[in-house]
Amino acid sequence: MDEATLDAVNIGRGAPRPRRVHPGWIVAAVAFLALVAAAGFRAAPSALMLPLEEEFGWSRSVISSAVTVNLLLYGLMAPFAAALMSRFGIRIVTTIALLLVAAGAGISVFATSPWVLVLTWGVLIGLGTGSMALVFAATVADAWFVRHRGLVVGTLTAGGATGQLVFLPLVAAIAEDQGWRAATLIVCGASLAVIPLVLMFVRNRPSDLGLLPVGAPADWVEPPRARGNAALLALRTLGRASRSRTFWALVAGFAICGATTNGLVGTHFIPSAHDHGMAQTTAAGLLAVVGIFDVIGTIVSGWLTDRFNPRLLLGVYYAGRGLGLAVLPFLLSDTVRPPIIVFVIIYGLDWVATVPPTVALCRELFGPDGPIVFGWVFAAHQFGAAFAATMAGVIRDTTGDYSVAWFGAAGLCVVAAVVSLSIRRVRTPERM
């Protein structure tokens, strides 16, 4: 009896039909939507900076301080979020994170002084989005996939770009027509809308459904679940990783990555373009195009990471980014011209293409500790972003333009390329 006939007989006897779609792909799809919702408010401050400046008369430095707190907590929360997900599961941590994002967005409409902005944009949004940062993508990929991990990390990372793509032009247009408060409430609603999907479809591990991860062999053994205090788990993992020079190389490179993306371009591209006479909505549209090509670039980077040396990929990515930043001051003008479009496309392809190879290196070099180690590396990413967000605001207030910031960032990218290429293939001890 052939296989097709046997399957038909089994189904006729009441045997369950084979699953056509592994639940891991459904979990990844919902995780993608959660990352989109979180990224919406991560992108919003860039579009809301000018309306706040006009309404309250606050300086760029003052407004940037709220963004700085956000970026710091966004990064610092990552390793603890990874440990919390390992201890309590993906579903509950993601749900609470989305509630924090919604609360921060909703309360921020009552802001009349900078400290309220720091509390909402900074603390609440920082904690919420930090719990769904790129470490969330790494945790989902590690739990649900053995094959296609790089592709899944790349796709989930692209969720952040998609959030920027979907929300940024919308936020900018609504802020201009109806005020920044109405724009903020859009993000609040989007975060709340994802929560039911998380509760319905997300499970913590394949074993919760009696399954193996995607691509796992029949003899695959599930890593042990974390026990004890999640904060201590995160700190102990940091202690083990910090004894490795490789860890500090990853930290240095990813700190520069954060400084040259979220911190500088993500926060100050729109104000910088506006300084050259470009309309705010036009500049927001260009930044959204960065998001379009980021989706493509990050997914392709994930595919490449499954096939090529991640060290080489990082070196190429950082070198290309540095070249783009070096020429950006000469491309900005009051209208959209072909050179700035070329920059937006190339920079978009490179925006967070660094994430899949960095996650892969953390997994390769630190084994079971990989997701939490990546959380600490990502914390460095956000410290770099916070520093750049503040310093770029100070440079603008002091010199009257952003040129020094752009050139300085280009130089840092060269350093990151060299550091990434020098990472050694040395495996740290397994988790004890």
# chains A, B, ... in the order shown; residues from 1 in each chain; ligands from 1
>>> residues_around(residues="region 387-400 of chain A", least_positions_apart="6", cutoff="8 Å", atoms="only C-alpha atoms", output="VMD selection string")
chain A and resid 60 to 61 64 to 65 67 to 68 259 to 260 262 to 264 267 to 268
>>> select_by_dssp(residues="region 277-377 of chain A", states="helix (DSSP H, G or I)", output="ChimeraX atom specification")
/A:280-305,310-330,338-350,355-377
>>> residues_around(residues="region 133-147 of chain A", least_positions_apart="3", cutoff="6 Å", atoms="only C-alpha atoms", output="JSON, numbers by chain")
{"A": [24, 129, 130, 153, 156, 205, 213, 214, 215, 216, 371, 375]}
>>> closest_residue(among="A:Trp220, A:Phe378, A:Phe366, A:Phe330", to="Phe254 (chain A)", atoms="only C-alpha atoms")
A:Phe378
>>> residues_around(residues="region 279-286 of chain A", least_positions_apart="6", cutoff="7 Å", atoms="only C-alpha atoms", output="VMD selection string")
chain A and resid 47 168 to 169 172 to 173 270 273 344
>>> residues_around(residues="region 102-106 of chain A", least_positions_apart="6", cutoff="9 Å", atoms="only C-alpha atoms", output="MDAnalysis selection string")
chainID A and resid 41 119:126 128 181 184:192
>>> closest_residue(among="A:Met77, A:Ala417, A:Val36, A:Phe407", to="Phe167 (chain A)", atoms="only C-alpha atoms")
A:Val36
>>> closest_residue(among="A:Ala385, A:Ile346, A:Ala230, A:Leu421", to="Pro79 (chain A)", atoms="only C-alpha atoms")
A:Ala230
>>> residues_around(residues="Leu312 (chain A)", least_positions_apart="4", cutoff="12 Å", atoms="only C-alpha atoms", output="ChimeraX atom specification")
/A:301,304-305,307-308,316-319,354,357-358,361,416-424
>>> write_last_selection(atoms="N, CA, C and O atoms", output="short mmCIF file (atom, residue, chain, number, x, y, z; two decimals), in the first residue's frame")
data_model
loop_
_atom_site.label_atom_id
_atom_site.label_comp_id
_atom_site.auth_asym_id
_atom_site.auth_seq_id
_atom_site.Cartn_x
_atom_site.Cartn_y
_atom_site.Cartn_z
N SER A 301 19.28 39.65 5.24
CA SER A 301 20.40 39.45 6.16
C SER A 301 20.21 38.18 6.98
O SER A 301 21.17 37.44 7.23
N LEU A 304 21.07 35.35 4.70
CA LEU A 304 22.52 35.27 4.52
C LEU A 304 23.21 34.72 5.77
O LEU A 304 24.19 33.98 5.67
N THR A 305 22.69 35.08 6.94
CA THR A 305 23.29 34.64 8.20
C THR A 305 23.21 33.12 8.34
O THR A 305 24.09 32.50 8.95
N ARG A 307 23.78 31.17 6.08
CA ARG A 307 24.64 30.59 5.04
C ARG A 307 26.09 31.08 5.06
O ARG A 307 26.98 30.40 4.54
N PHE A 308 26.35 32.27 5.64
CA PHE A 308 27.69 32.85 5.56
C PHE A 308 28.20 33.27 6.95
O PHE A 308 27.43 33.35 7.90
N VAL A 316 30.92 44.18 6.53
CA VAL A 316 30.39 44.83 5.32
C VAL A 316 29.28 45.82 5.68
O VAL A 316 29.23 46.94 5.16
N TYR A 317 28.38 45.42 6.58
CA TYR A 317 27.25 46.29 6.94
C TYR A 317 27.73 47.61 7.57
O TYR A 317 27.26 48.68 7.21
N TYR A 318 28.65 47.51 8.51
CA TYR A 318 29.11 48.73 9.19
C TYR A 318 29.90 49.64 8.25
O TYR A 318 29.77 50.87 8.31
N ALA A 319 30.72 49.05 7.39
CA ALA A 319 31.48 49.88 6.45
C ALA A 319 30.55 50.62 5.50
O ALA A 319 30.73 51.82 5.22
N THR A 354 22.29 44.27 10.86
CA THR A 354 23.29 43.78 11.80
C THR A 354 22.73 42.82 12.83
O THR A 354 23.48 42.08 13.47
N PRO A 357 23.13 38.55 12.22
CA PRO A 357 24.46 38.00 12.47
C PRO A 357 24.92 38.17 13.92
O PRO A 357 25.65 37.33 14.44
N THR A 358 24.47 39.25 14.58
CA THR A 358 24.85 39.44 15.99
C THR A 358 24.17 38.40 16.87
O THR A 358 24.80 37.82 17.77
N LEU A 361 26.00 35.11 16.37
CA LEU A 361 27.27 35.04 17.10
C LEU A 361 27.05 34.79 18.58
O LEU A 361 27.79 34.03 19.21
N ALA A 416 33.51 50.02 14.16
CA ALA A 416 32.66 48.84 14.35
C ALA A 416 32.97 47.76 13.32
O ALA A 416 32.96 46.56 13.64
N ALA A 417 33.26 48.17 12.09
CA ALA A 417 33.59 47.19 11.05
C ALA A 417 34.87 46.43 11.41
O ALA A 417 34.93 45.19 11.29
N VAL A 418 35.88 47.14 11.86
CA VAL A 418 37.16 46.51 12.22
C VAL A 418 36.98 45.57 13.41
O VAL A 418 37.47 44.44 13.42
N VAL A 419 36.25 46.04 14.43
CA VAL A 419 36.03 45.22 15.62
C VAL A 419 35.27 43.94 15.28
O VAL A 419 35.60 42.85 15.77
N SER A 420 34.25 44.05 14.43
CA SER A 420 33.44 42.89 14.09
C SER A 420 34.25 41.83 13.34
O SER A 420 34.12 40.63 13.58
N LEU A 421 35.11 42.28 12.43
CA LEU A 421 35.93 41.33 11.67
C LEU A 421 36.97 40.64 12.55
O LEU A 421 37.48 39.57 12.19
N SER A 422 37.27 41.23 13.71
CA SER A 422 38.30 40.66 14.59
C SER A 422 37.74 39.67 15.60
O SER A 422 38.52 39.07 16.36
N ILE A 423 36.43 39.46 15.65
CA ILE A 423 35.84 38.55 16.63
C ILE A 423 36.34 37.12 16.39
O ILE A 423 36.28 36.60 15.29
N ARG A 424 36.81 36.49 17.47
CA ARG A 424 37.38 35.15 17.37
C ARG A 424 36.32 34.08 17.55
O ARG A 424 35.28 34.30 18.16
#
